[in-house]
Amino acid sequence: MKGSFKWGLLPLFCAFPAFSVAQECERPNVVLIYADDLGYGDLGCYGAKGVATPNADSLAKGGLRFTNAHSVASTSTPSRYALLTGEYPWRKSGTDVAAGDAAMIISPSQYTVADAFKDAGYATAAFGKWHLGLGAESGRQNWNKPLTPALADIGFDYSYIMAATADRVPCVFIENGQVANYDASAPIYVSYERNFDGEPTGRDNPRLLYNQRHSHGHDMSIVNGIGRIGYMKGGGNALWKDENIADSITLKAVDFIEKNADVPFFMYFATNDVHVPRFPHERFRGLSSMGMRGDAIAQFDWCVGEIVRALRQQGLLDNTLIVLTSDNGPVLDDGYDDGAEQLVGEHSPMGGLCGGKYSAFEAGTRVPFIVHWPAKVKPSGISGALVSQIDFLEAMAKLIGLNGCDSLSSDGNADELAVWLGDSCGGRPFAVEMASNHTLSLIYGDWKYIEPKGGPAMVPWGPKIATGYSTEPQLFKKIDGEFDETRNVAAENMDMVEVAAKLLDAIKSEKSLWFKTDF
Ligand code: NG6
Ligand code: CA
C-alpha cells in the first residue's frame, strides 16, 4: 500500500494562518530547479568568479539565499532518492550512483513528493536528469517498448527525462516512459556488460571522439563523438546531441508551464548542467573564462532565466515557489578532457570549502539553495540556518495542506518549511550526509563529526578531491562561522565525539527520532 498524507484541516488552503485570504485561495506552483554537480561557489551570488549568473542571482535578490544548505549525499542517485522520498538513502540498498540500465529505484509503493502534489490536485512533471532507474529489472529493459514502472507510477503526470546521466547510455530522452522521437529503423540495445558486435568504442577508436575525449573512464560506446559509460547500439534519430540537451529540456518545461497555467503544478526540473560531459551549445561557448565548465554554468543560468520568463509571461511568477539547488558538490576533471582544471583560474567551485563531489568534507554536500516566492518570501534575504534537502517532501506536503504522514514515517521534518520561507531562522539541529563510500557525517550545532570508516584520502579514480575518509573519528569545530576541516579536534573533545556518535547511531536506528527528542 502506498503511504499518503492526511489532509489538513483546510485542505484547499495554504497551511499558513498568516496568509491573506487571496493568497489562501491560491496555492503556489512549485518549481524545483535541481542542478547537477553545481558547487557552493559556482553562482555569482555565492561568489563565483569568471562566469556571470544573472538569472540565478536575481532569484537570490528577489528571495532568500541559504549559506548552510545541504544535499543528502555527495553523489546524484542517493541525493535524488532522498529528496523525492524523504528517506535517507543509506536506509535502502541499491541507491548508489545508478547505471543507465538500473531498474527503478523508488518503488511504486513508496510515497514521493510527486505523489504528495498529485494528492493535493497538482499537475506534476519531471524534466531532465533522472538517474533513479526505470523498468522492473536491471539490465532487462526493452528500450523499444514502453518501460514500466516509470515516473507515472511514482506521481509524475508527465516526464521528459534522460534515463541516467549524459555520460551513461542510453543517450536518448524518455518521454512518459517511452523513447522520445523513437526511430524504428534503429532499435535500441543497451548493455553494461559487453559491447555489441561491430560498434566502435572510445577505448579502441579514439579518433572517433571528435567532440570530447575522456580523461578517465568514459571509453565505452561513442555517441555524438563523445565516449560514454556503458554500451549501446541503435537510437538513430532519437539520440541526443549534447549541445542541445539544455534547450530540449527547457523547451519542454516552458511548454508544460504554458499548458498548465490555469492549474497548480509541481515541476521537477533537473538539468544535466554542470555534469560531464560538459558540451554546452555554441551560443554559450566563451561566455565564461573557464572553458566548458564555466560555459555550462552560463547555460544552466540561461535555463533558469527561461523558466522565470515563462512563469512571468503567464502571470505566475508571483505565486510560484522556486527552489534552486544542486544534487551534490563540484568536481573539475570528472572523466573528460574539457579544460576544467586548467581554466578554473581564481574561481572556487567549492566556495573555499574542503573536499568536493564524492567527499565527506563540506563541499561534498554544501550546495547553493535559493528560495524565491514573491507572494510570500521577502526579497534579498540571506539565511545561515542549517537546512537539508531531506525535508523537501515533508516541507512541500505542509505547504500544500497535507498534514502528517499516514503510514510512512519520514526522515524529514515539515516544520522546516518555516525556515525555507524565511519565517523562522532556526534551522535543523542536525544534518546527516553521505559520502560516496557511505561514510556518514553529522553536523550538530557548531560541530561536524565524520564517522570512522576508512578509505583512501583522495578519490582514487581520477578527480583530485580529498575524501575526508579516516579510520579515526573526526571532529571539526566552527571557527568564524565555518568548519575548519583542516584540523581534526576529536582527541581534545572526546566527550563531543561521543555525543555525536551516539546521536548518529540513534538517527540510524530510528526514523521518527526527530519528533521524540528534544534537541
Ligand atoms: C562516476 C563517473 C563520473 C560521474 C559519476 C556520477 C567515471 C570514471 N566516473 O562513476 O563521471 O558520472 O560517476 O556522477 O565513470 S553523479 O553526479 O551522477 O553522481
Ligand atoms: Ca551530481
# chains A, B, ... in the order shown; residues from 1 in each chain; ligands from 1
$ residues_around --residues "Gly63 (chain A)" --least-positions-apart "3" --cutoff "10 Å" --atoms "only C-alpha atoms" --output "compact mmCIF listing (two decimals) with C-alpha atoms, in the first residue's frame"
# COMPACT_ATOMS: atom_id res chain seq x y z
CA ASP A 57 21.42 35.90 -8.84
CA SER A 58 18.16 37.66 -9.48
CA LEU A 59 16.24 34.80 -7.83
CA ALA A 60 18.51 35.26 -4.82
CA LEU A 321 7.72 28.88 -5.17
CA ILE A 322 11.04 28.26 -6.90
CA VAL A 323 13.72 26.28 -5.09
CA ILE A 370 17.74 29.71 -3.15
CA VAL A 371 14.05 30.09 -2.35
CA HIS A 372 12.01 32.54 -4.40
CA TRP A 373 8.31 33.21 -3.95
CA PRO A 374 7.42 36.89 -4.30
CA LYS A 376 5.39 35.13 0.43
CA VAL A 377 9.17 35.26 0.78
CA LYS A 378 10.79 38.62 1.42
CA PRO A 379 13.47 39.70 -1.08
CA SER A 380 17.22 39.96 -0.50
CA GLY A 381 17.31 37.57 2.41
CA ILE A 382 20.33 35.58 3.46
CA LEU A 421 10.29 30.52 3.66
CA GLY A 422 12.17 32.80 5.99
$ residues_near_ligand --ligand "ligand 1" --cutoff "9 Å" --atoms "only C-alpha atoms and all ligand atoms" --output "PyMOL selection string"
chain A and resi 36-37+74-79+96-99+129+131+164-168+214-219+228-229+275-277+327-330+333-336+357-358+436+461-463
$ write_last_selection --atoms "C-alpha atoms" --output "CSV table (one decimal), in the first residue's frame"
chain,number,residue,atom,x,y,z
A,36,ASP,CA,23.9,18.7,-11.2
A,37,ASP,CA,27.3,19.0,-9.6
A,74,SER,CA,27.7,13.9,-2.3
A,75,THR,CA,26.6,12.0,-5.4
A,76,SER,CA,23.5,12.1,-7.5
A,77,THR,CA,21.3,9.0,-7.1
A,78,PRO,CA,21.3,8.9,-3.3
A,79,SER,CA,20.7,12.7,-3.1
A,96,ASP,CA,24.2,4.3,-5.1
A,97,VAL,CA,25.1,6.0,-8.4
A,98,ALA,CA,22.9,4.1,-10.8
A,99,ALA,CA,23.9,2.6,-14.1
A,129,LYS,CA,18.3,14.1,-15.5
A,131,HIS,CA,19.3,8.8,-12.6
A,164,ALA,CA,20.6,8.3,-16.1
A,165,THR,CA,23.3,10.9,-16.8
A,166,ALA,CA,24.7,12.4,-20.0
A,167,ASP,CA,27.8,10.3,-19.7
A,168,ARG,CA,25.8,7.0,-19.4
A,214,HIS,CA,37.9,11.1,-22.0
A,215,SER,CA,40.5,11.6,-19.2
A,216,HIS,CA,39.4,8.6,-17.2
A,217,GLY,CA,36.6,6.0,-17.7
A,218,HIS,CA,34.0,7.0,-20.4
A,219,ASP,CA,35.7,4.9,-23.0
A,228,ARG,CA,30.2,7.1,-22.6
A,229,ILE,CA,29.8,4.7,-19.7
A,275,HIS,CA,27.7,17.4,-15.0
A,276,VAL,CA,30.1,15.8,-17.5
A,277,PRO,CA,30.3,15.6,-20.5
A,327,ASP,CA,22.4,17.4,-6.1
A,328,ASN,CA,26.0,17.4,-4.8
A,329,GLY,CA,29.2,19.4,-4.8
A,330,PRO,CA,31.5,20.2,-7.6
A,333,ASP,CA,38.0,16.7,-14.0
A,334,ASP,CA,35.2,14.1,-13.8
A,335,GLY,CA,36.4,12.0,-16.7
A,336,TYR,CA,36.7,14.2,-19.7
A,357,LYS,CA,31.8,15.8,-5.1
A,358,TYR,CA,32.1,12.3,-3.6
A,436,SER,CA,30.3,8.1,-1.9
A,461,TRP,CA,39.8,7.0,-9.8
A,462,GLY,CA,40.7,10.4,-11.2
A,463,PRO,CA,39.1,13.5,-9.7
$ closest_residue --among "A:Ala152, A:Ala491, A:Leu393, A:Val274" --to "ligand 2" --atoms "only C-alpha atoms and all ligand atoms"
A:Val274
$ select_by_dssp --residues "region 37-245 of chain A" --states "alpha helix (DSSP H)" --output "PyMOL selection string"
chain A and resi 54-62+76-85+113-119+245
$ write_last_selection --atoms "N, CA and C atoms" --output "PDB file, in the first residue's frame"
ATOM      1  N   PRO A  54      23.360  35.902 -13.975  1.00  0.00           N
ATOM      2  CA  PRO A  54      22.394  36.942 -13.606  1.00  0.00           C
ATOM      3  C   PRO A  54      21.021  36.404 -13.232  1.00  0.00           C
ATOM      4  N   ASN A  55      20.613  35.293 -13.844  1.00  0.00           N
ATOM      5  CA  ASN A  55      19.250  34.812 -13.576  1.00  0.00           C
ATOM      6  C   ASN A  55      19.136  34.153 -12.201  1.00  0.00           C
ATOM      7  N   ALA A  56      20.134  33.334 -11.868  1.00  0.00           N
ATOM      8  CA  ALA A  56      20.126  32.743 -10.523  1.00  0.00           C
ATOM      9  C   ALA A  56      20.306  33.858  -9.490  1.00  0.00           C
ATOM     10  N   ASP A  57      21.174  34.797  -9.789  1.00  0.00           N
ATOM     11  CA  ASP A  57      21.416  35.900  -8.844  1.00  0.00           C
ATOM     12  C   ASP A  57      20.134  36.699  -8.608  1.00  0.00           C
ATOM     13  N   SER A  58      19.350  36.847  -9.675  1.00  0.00           N
ATOM     14  CA  SER A  58      18.158  37.663  -9.479  1.00  0.00           C
ATOM     15  C   SER A  58      17.108  36.897  -8.675  1.00  0.00           C
ATOM     16  N   LEU A  59      17.123  35.565  -8.743  1.00  0.00           N
ATOM     17  CA  LEU A  59      16.245  34.796  -7.832  1.00  0.00           C
ATOM     18  C   LEU A  59      16.679  35.028  -6.386  1.00  0.00           C
ATOM     19  N   ALA A  60      18.002  35.039  -6.178  1.00  0.00           N
ATOM     20  CA  ALA A  60      18.511  35.262  -4.816  1.00  0.00           C
ATOM     21  C   ALA A  60      18.131  36.658  -4.341  1.00  0.00           C
ATOM     22  N   LYS A  61      18.252  37.616  -5.236  1.00  0.00           N
ATOM     23  CA  LYS A  61      17.943  39.004  -4.874  1.00  0.00           C
ATOM     24  C   LYS A  61      16.461  39.166  -4.546  1.00  0.00           C
ATOM     25  N   GLY A  62      15.637  38.443  -5.284  1.00  0.00           N
ATOM     26  CA  GLY A  62      14.195  38.553  -5.044  1.00  0.00           C
ATOM     27  C   GLY A  62      13.702  37.574  -3.985  1.00  0.00           C
ATOM     28  N   SER A  76      24.823  11.806  -7.004  1.00  0.00           N
ATOM     29  CA  SER A  76      23.490  12.104  -7.519  1.00  0.00           C
ATOM     30  C   SER A  76      22.371  11.173  -7.045  1.00  0.00           C
ATOM     31  N   THR A  77      22.468   9.888  -7.371  1.00  0.00           N
ATOM     32  CA  THR A  77      21.329   8.994  -7.130  1.00  0.00           C
ATOM     33  C   THR A  77      20.858   9.029  -5.669  1.00  0.00           C
ATOM     34  N   PRO A  78      21.779   8.893  -4.699  1.00  0.00           N
ATOM     35  CA  PRO A  78      21.290   8.918  -3.323  1.00  0.00           C
ATOM     36  C   PRO A  78      20.683  10.257  -2.910  1.00  0.00           C
ATOM     37  N   SER A  79      21.240  11.355  -3.434  1.00  0.00           N
ATOM     38  CA  SER A  79      20.665  12.670  -3.103  1.00  0.00           C
ATOM     39  C   SER A  79      19.252  12.800  -3.653  1.00  0.00           C
ATOM     40  N   ARG A  80      19.096  12.368  -4.898  1.00  0.00           N
ATOM     41  CA  ARG A  80      17.783  12.497  -5.553  1.00  0.00           C
ATOM     42  C   ARG A  80      16.758  11.588  -4.887  1.00  0.00           C
ATOM     43  N   TYR A  81      17.217  10.394  -4.535  1.00  0.00           N
ATOM     44  CA  TYR A  81      16.333   9.447  -3.849  1.00  0.00           C
ATOM     45  C   TYR A  81      15.791  10.094  -2.561  1.00  0.00           C
ATOM     46  N   ALA A  82      16.697  10.690  -1.808  1.00  0.00           N
ATOM     47  CA  ALA A  82      16.303  11.291  -0.526  1.00  0.00           C
ATOM     48  C   ALA A  82      15.369  12.479  -0.736  1.00  0.00           C
ATOM     49  N   LEU A  83      15.680  13.295  -1.700  1.00  0.00           N
ATOM     50  CA  LEU A  83      14.862  14.484  -1.941  1.00  0.00           C
ATOM     51  C   LEU A  83      13.431  14.106  -2.336  1.00  0.00           C
ATOM     52  N   LEU A  84      13.310  13.075  -3.156  1.00  0.00           N
ATOM     53  CA  LEU A  84      11.978  12.712  -3.652  1.00  0.00           C
ATOM     54  C   LEU A  84      11.178  11.875  -2.663  1.00  0.00           C
ATOM     55  N   THR A  85      11.867  11.123  -1.791  1.00  0.00           N
ATOM     56  CA  THR A  85      11.136  10.209  -0.888  1.00  0.00           C
ATOM     57  C   THR A  85      11.161  10.624   0.578  1.00  0.00           C
ATOM     58  N   VAL A 113       7.358  12.909  -3.294  1.00  0.00           N
ATOM     59  CA  VAL A 113       6.897  14.296  -3.298  1.00  0.00           C
ATOM     60  C   VAL A 113       5.932  14.519  -4.463  1.00  0.00           C
ATOM     61  N   ALA A 114       6.150  13.801  -5.562  1.00  0.00           N
ATOM     62  CA  ALA A 114       5.227  13.948  -6.707  1.00  0.00           C
ATOM     63  C   ALA A 114       3.849  13.397  -6.340  1.00  0.00           C
ATOM     64  N   ASP A 115       3.828  12.275  -5.589  1.00  0.00           N
ATOM     65  CA  ASP A 115       2.544  11.742  -5.109  1.00  0.00           C
ATOM     66  C   ASP A 115       1.832  12.773  -4.242  1.00  0.00           C
ATOM     67  N   ALA A 116       2.616  13.432  -3.395  1.00  0.00           N
ATOM     68  CA  ALA A 116       2.012  14.414  -2.490  1.00  0.00           C
ATOM     69  C   ALA A 116       1.334  15.527  -3.299  1.00  0.00           C
ATOM     70  N   PHE A 117       2.073  16.044  -4.279  1.00  0.00           N
ATOM     71  CA  PHE A 117       1.480  17.115  -5.088  1.00  0.00           C
ATOM     72  C   PHE A 117       0.245  16.613  -5.845  1.00  0.00           C
ATOM     73  N   LYS A 118       0.328  15.401  -6.343  1.00  0.00           N
ATOM     74  CA  LYS A 118      -0.811  14.830  -7.071  1.00  0.00           C
ATOM     75  C   LYS A 118      -2.022  14.686  -6.130  1.00  0.00           C
ATOM     76  N   ASP A 119      -1.754  14.191  -4.921  1.00  0.00           N
ATOM     77  CA  ASP A 119      -2.839  14.049  -3.938  1.00  0.00           C
ATOM     78  C   ASP A 119      -3.502  15.392  -3.649  1.00  0.00           C
ATOM     79  N   ILE A 245      20.901  19.484 -25.201  1.00  0.00           N
ATOM     80  CA  ILE A 245      20.155  18.934 -24.046  1.00  0.00           C
ATOM     81  C   ILE A 245      19.465  20.048 -23.249  1.00  0.00           C
TER      82      ILE A 245
END
$ closest_residue --among "A:Gly202, A:Gly177, A:Pro187, A:Gly364" --to "Val72 (chain A)" --atoms "only C-alpha atoms"
A:Gly364
$ atom_distance --atom1 "CA of Ile226 (chain A)" --atom2 "CA of Ala184 (chain A)"
23.5 Å
$ select_by_dssp --residues "region 149-311 of chain A" --states "strand (DSSP E or B)" --output "PyMOL selection string"
chain A and resi 158-162+168+172-175+178-179+189-191+201+212+214+221-223+226-227+229+231-233+239+265-270
$ write_last_selection --atoms "N, CA and C atoms" --output "tab-separated table (two decimals), in the first residue's frame"
chain	number	residue	atom	x	y	z
A	158	TYR	N	3.61	13.82	-16.16
A	158	TYR	CA	4.33	13.96	-17.43
A	158	TYR	C	5.83	13.90	-17.11
A	159	SER	N	6.58	13.28	-18.01
A	159	SER	CA	8.04	13.29	-17.81
A	159	SER	C	8.77	13.29	-19.15
A	160	TYR	N	9.85	14.01	-19.16
A	160	TYR	CA	10.73	14.07	-20.34
A	160	TYR	C	12.14	14.06	-19.78
A	161	ILE	N	12.72	12.88	-19.75
A	161	ILE	CA	13.93	12.70	-18.94
A	161	ILE	C	15.04	11.99	-19.69
A	162	MET	N	16.23	12.09	-19.11
A	162	MET	CA	17.35	11.24	-19.51
A	162	MET	C	17.37	10.10	-18.49
A	168	ARG	N	26.19	8.42	-19.45
A	168	ARG	CA	25.80	7.00	-19.42
A	168	ARG	C	24.80	6.71	-20.53
A	172	VAL	N	19.30	8.82	-25.05
A	172	VAL	CA	18.03	9.23	-25.66
A	172	VAL	C	17.14	9.79	-24.56
A	173	PHE	N	16.22	10.67	-24.94
A	173	PHE	CA	15.24	11.14	-23.97
A	173	PHE	C	14.10	10.13	-23.87
A	174	ILE	N	13.56	10.03	-22.67
A	174	ILE	CA	12.42	9.14	-22.43
A	174	ILE	C	11.24	10.04	-22.08
A	175	GLU	N	10.20	9.97	-22.90
A	175	GLU	CA	9.01	10.80	-22.65
A	175	GLU	C	7.88	9.89	-22.21
A	178	GLN	N	8.59	6.19	-22.65
A	178	GLN	CA	8.98	5.64	-23.96
A	178	GLN	C	10.03	6.53	-24.59
A	179	VAL	N	10.91	5.92	-25.36
A	179	VAL	CA	11.95	6.72	-26.01
A	179	VAL	C	11.29	7.81	-26.87
A	189	TYR	N	19.59	-1.09	-28.17
A	189	TYR	CA	20.06	-2.14	-27.28
A	189	TYR	C	21.09	-1.54	-26.33
A	190	VAL	N	21.01	-1.94	-25.07
A	190	VAL	CA	21.89	-1.37	-24.04
A	190	VAL	C	22.48	-2.51	-23.22
A	191	SER	N	23.77	-2.40	-22.94
A	191	SER	CA	24.38	-3.36	-22.02
A	191	SER	C	25.46	-2.65	-21.20
A	201	THR	N	34.19	1.71	-29.90
A	201	THR	CA	34.28	2.23	-28.52
A	201	THR	C	35.35	3.31	-28.46
A	212	GLN	N	34.65	15.31	-27.74
A	212	GLN	CA	35.36	15.41	-26.46
A	212	GLN	C	36.04	14.09	-26.14
A	214	HIS	N	37.94	11.45	-23.40
A	214	HIS	CA	37.86	11.12	-21.97
A	214	HIS	C	39.23	11.27	-21.31
A	221	SER	N	30.82	3.04	-25.38
A	221	SER	CA	30.17	3.47	-26.63
A	221	SER	C	30.42	4.94	-26.95
A	222	ILE	N	30.43	5.23	-28.23
A	222	ILE	CA	30.61	6.62	-28.67
A	222	ILE	C	29.28	7.12	-29.21
A	223	VAL	N	28.83	8.23	-28.65
A	223	VAL	CA	27.62	8.87	-29.17
A	223	VAL	C	27.95	10.34	-29.35
A	226	ILE	N	31.49	11.48	-28.48
A	226	ILE	CA	31.88	11.51	-27.06
A	226	ILE	C	31.75	10.09	-26.51
A	227	GLY	N	32.78	9.62	-25.81
A	227	GLY	CA	32.72	8.29	-25.21
A	227	GLY	C	31.83	8.29	-23.98
A	229	ILE	N	29.80	5.84	-20.58
A	229	ILE	CA	29.84	4.68	-19.71
A	229	ILE	C	28.74	3.74	-20.21
A	231	TYR	N	27.42	0.38	-22.94
A	231	TYR	CA	27.39	0.12	-24.38
A	231	TYR	C	25.96	0.26	-24.89
A	232	MET	N	25.85	0.87	-26.06
A	232	MET	CA	24.54	0.91	-26.69
A	232	MET	C	24.68	0.77	-28.19
A	233	LYS	N	23.60	0.32	-28.80
A	233	LYS	CA	23.55	0.18	-30.25
A	233	LYS	C	22.22	0.78	-30.67
A	239	LEU	N	18.78	9.72	-30.80
A	239	LEU	CA	19.98	10.03	-30.00
A	239	LEU	C	20.06	11.54	-29.73
A	265	PHE	N	0.75	23.55	-10.28
A	265	PHE	CA	1.63	22.49	-10.77
A	265	PHE	C	2.92	22.40	-9.96
A	266	PHE	N	3.49	21.21	-10.03
A	266	PHE	CA	4.82	20.95	-9.47
A	266	PHE	C	5.72	20.50	-10.60
A	267	MET	N	6.84	21.18	-10.73
A	267	MET	CA	7.77	20.84	-11.79
A	267	MET	C	9.14	20.53	-11.20
A	268	TYR	N	9.63	19.34	-11.52
A	268	TYR	CA	10.98	18.91	-11.12
A	268	TYR	C	11.84	19.11	-12.35
A	269	PHE	N	12.67	20.14	-12.30
A	269	PHE	CA	13.47	20.50	-13.47
A	269	PHE	C	14.93	20.24	-13.13
A	270	ALA	N	15.42	19.09	-13.60
A	270	ALA	CA	16.77	18.64	-13.21
A	270	ALA	C	17.69	18.76	-14.41
$ atom_distance --atom1 "CA of Arg309 (chain A)" --atom2 "CA of Val31 (chain A)"
13.1 Å
$ residues_around --residues "Asn260 (chain A)" --least-positions-apart "3" --cutoff "10 Å" --atoms "only C-alpha atoms" --output "VMD selection string"
chain A and resid 29 122 to 124 254 to 257 263 to 266 314
$ write_last_selection --atoms "all heavy atoms" --output "compact mmCIF listing (two decimals), in the first residue's frame"
# COMPACT_ATOMS: atom_id res chain seq x y z
N ASN A 29 2.34 27.39 -7.27
CA ASN A 29 3.04 26.40 -8.08
C ASN A 29 4.39 26.18 -7.42
O ASN A 29 4.91 27.08 -6.74
CB ASN A 29 3.26 26.93 -9.49
CG ASN A 29 1.96 27.36 -10.11
OD1 ASN A 29 1.05 26.56 -10.25
ND2 ASN A 29 1.88 28.64 -10.46
N TYR A 122 -2.42 18.81 -7.77
CA TYR A 122 -1.48 19.50 -8.65
C TYR A 122 -1.22 18.68 -9.92
O TYR A 122 -1.26 17.45 -9.89
CB TYR A 122 -0.12 19.67 -7.95
CG TYR A 122 -0.01 20.88 -7.04
CD1 TYR A 122 -0.88 21.06 -5.98
CD2 TYR A 122 0.99 21.83 -7.25
CE1 TYR A 122 -0.75 22.15 -5.15
CE2 TYR A 122 1.12 22.93 -6.43
CZ TYR A 122 0.24 23.09 -5.37
OH TYR A 122 0.36 24.18 -4.55
N ALA A 123 -0.91 19.37 -11.01
CA ALA A 123 -0.30 18.72 -12.17
C ALA A 123 1.19 18.56 -11.85
O ALA A 123 1.79 19.45 -11.23
CB ALA A 123 -0.48 19.58 -13.41
N THR A 124 1.77 17.44 -12.24
CA THR A 124 3.16 17.17 -11.86
C THR A 124 3.98 16.77 -13.09
O THR A 124 3.47 16.08 -13.98
CB THR A 124 3.22 16.01 -10.84
OG1 THR A 124 2.58 14.86 -11.40
CG2 THR A 124 2.53 16.36 -9.53
N VAL A 254 9.03 24.77 -20.48
CA VAL A 254 8.28 26.00 -20.76
C VAL A 254 6.90 25.63 -21.32
O VAL A 254 5.88 26.22 -20.95
CB VAL A 254 9.08 26.91 -21.72
CG1 VAL A 254 8.20 28.01 -22.30
CG2 VAL A 254 10.29 27.51 -20.99
N ASP A 255 6.88 24.64 -22.18
CA ASP A 255 5.62 24.17 -22.75
C ASP A 255 4.68 23.69 -21.64
O ASP A 255 3.48 23.99 -21.63
CB ASP A 255 5.96 23.02 -23.72
CG ASP A 255 4.75 22.60 -24.51
OD1 ASP A 255 4.10 23.48 -25.08
OD2 ASP A 255 4.45 21.38 -24.54
N PHE A 256 5.25 22.96 -20.68
CA PHE A 256 4.45 22.46 -19.55
C PHE A 256 3.87 23.63 -18.74
O PHE A 256 2.69 23.62 -18.36
CB PHE A 256 5.31 21.56 -18.65
CG PHE A 256 4.60 21.10 -17.41
CD1 PHE A 256 3.74 20.02 -17.44
CD2 PHE A 256 4.81 21.76 -16.19
CE1 PHE A 256 3.07 19.61 -16.29
CE2 PHE A 256 4.15 21.35 -15.04
CZ PHE A 256 3.28 20.27 -15.09
N ILE A 257 4.69 24.65 -18.52
CA ILE A 257 4.21 25.83 -17.76
C ILE A 257 3.04 26.48 -18.52
O ILE A 257 2.00 26.80 -17.94
CB ILE A 257 5.36 26.85 -17.55
CG1 ILE A 257 6.40 26.26 -16.59
CG2 ILE A 257 4.82 28.19 -17.03
CD1 ILE A 257 7.69 27.07 -16.49
N VAL A 263 -3.80 25.67 -13.69
CA VAL A 263 -3.91 24.74 -12.55
C VAL A 263 -2.62 24.81 -11.73
O VAL A 263 -1.57 25.16 -12.26
CB VAL A 263 -4.11 23.28 -13.03
CG1 VAL A 263 -5.44 23.11 -13.71
CG2 VAL A 263 -2.96 22.83 -13.94
N PRO A 264 -2.69 24.48 -10.45
CA PRO A 264 -1.43 24.46 -9.69
C PRO A 264 -0.55 23.32 -10.20
O PRO A 264 -1.06 22.24 -10.53
CB PRO A 264 -1.86 24.21 -8.25
CG PRO A 264 -3.24 23.67 -8.31
CD PRO A 264 -3.84 24.14 -9.61
N PHE A 265 0.75 23.55 -10.28
CA PHE A 265 1.63 22.49 -10.77
C PHE A 265 2.92 22.40 -9.96
O PHE A 265 3.34 23.36 -9.31
CB PHE A 265 1.94 22.66 -12.26
CG PHE A 265 2.60 23.96 -12.65
CD1 PHE A 265 3.96 24.16 -12.46
CD2 PHE A 265 1.85 24.97 -13.23
CE1 PHE A 265 4.57 25.35 -12.83
CE2 PHE A 265 2.44 26.18 -13.61
CZ PHE A 265 3.81 26.36 -13.40
N PHE A 266 3.49 21.21 -10.03
CA PHE A 266 4.82 20.95 -9.47
C PHE A 266 5.72 20.50 -10.60
O PHE A 266 5.40 19.56 -11.32
CB PHE A 266 4.75 19.86 -8.39
CG PHE A 266 6.11 19.30 -8.02
CD1 PHE A 266 7.12 20.14 -7.53
CD2 PHE A 266 6.40 17.95 -8.16
CE1 PHE A 266 8.38 19.63 -7.19
CE2 PHE A 266 7.66 17.43 -7.83
CZ PHE A 266 8.65 18.28 -7.35
N GLN A 314 3.24 34.08 -18.06
CA GLN A 314 1.92 33.51 -17.76
C GLN A 314 1.29 34.16 -16.53
O GLN A 314 0.23 33.74 -16.08
CB GLN A 314 2.05 32.00 -17.48
CG GLN A 314 2.52 31.19 -18.67
CD GLN A 314 1.61 31.30 -19.88
OE1 GLN A 314 0.38 31.30 -19.72
NE2 GLN A 314 2.18 31.43 -21.05
$ atom_distance --atom1 "CA of Asn272 (chain A)" --atom2 "CA of Tyr34 (chain A)"
9.2 Å
$ closest_residue --among "A:Asp204, A:Asp480, A:Asp101, A:Asp273" --to "Thr250 (chain A)" --atoms "only C-alpha atoms"
A:Asp273
$ residues_around --residues "region 339-354 of chain A" --least-positions-apart "4" --cutoff "9 Å" --atoms "only C-alpha atoms" --output "ChimeraX atom specification"
/A:38-43,46-51,289-294,329-333,359,361-364,366-367,465-466,468,482-486
$ closest_residue --among "A:Val419, A:Glu258, A:Gln299, A:Arg285" --to "Leu64 (chain A)" --atoms "only C-alpha atoms"
A:Val419
$ closest_residue --among "A:Ala73, A:Leu317, A:Leu32, A:Ala395" --to "ligand 2" --atoms "only C-alpha atoms and all ligand atoms"
A:Ala73
$ closest_residue --among "A:Lys259, A:Pro149, A:Asn68, A:Arg213" --to "Glu137 (chain A)" --atoms "only C-alpha atoms"
A:Pro149
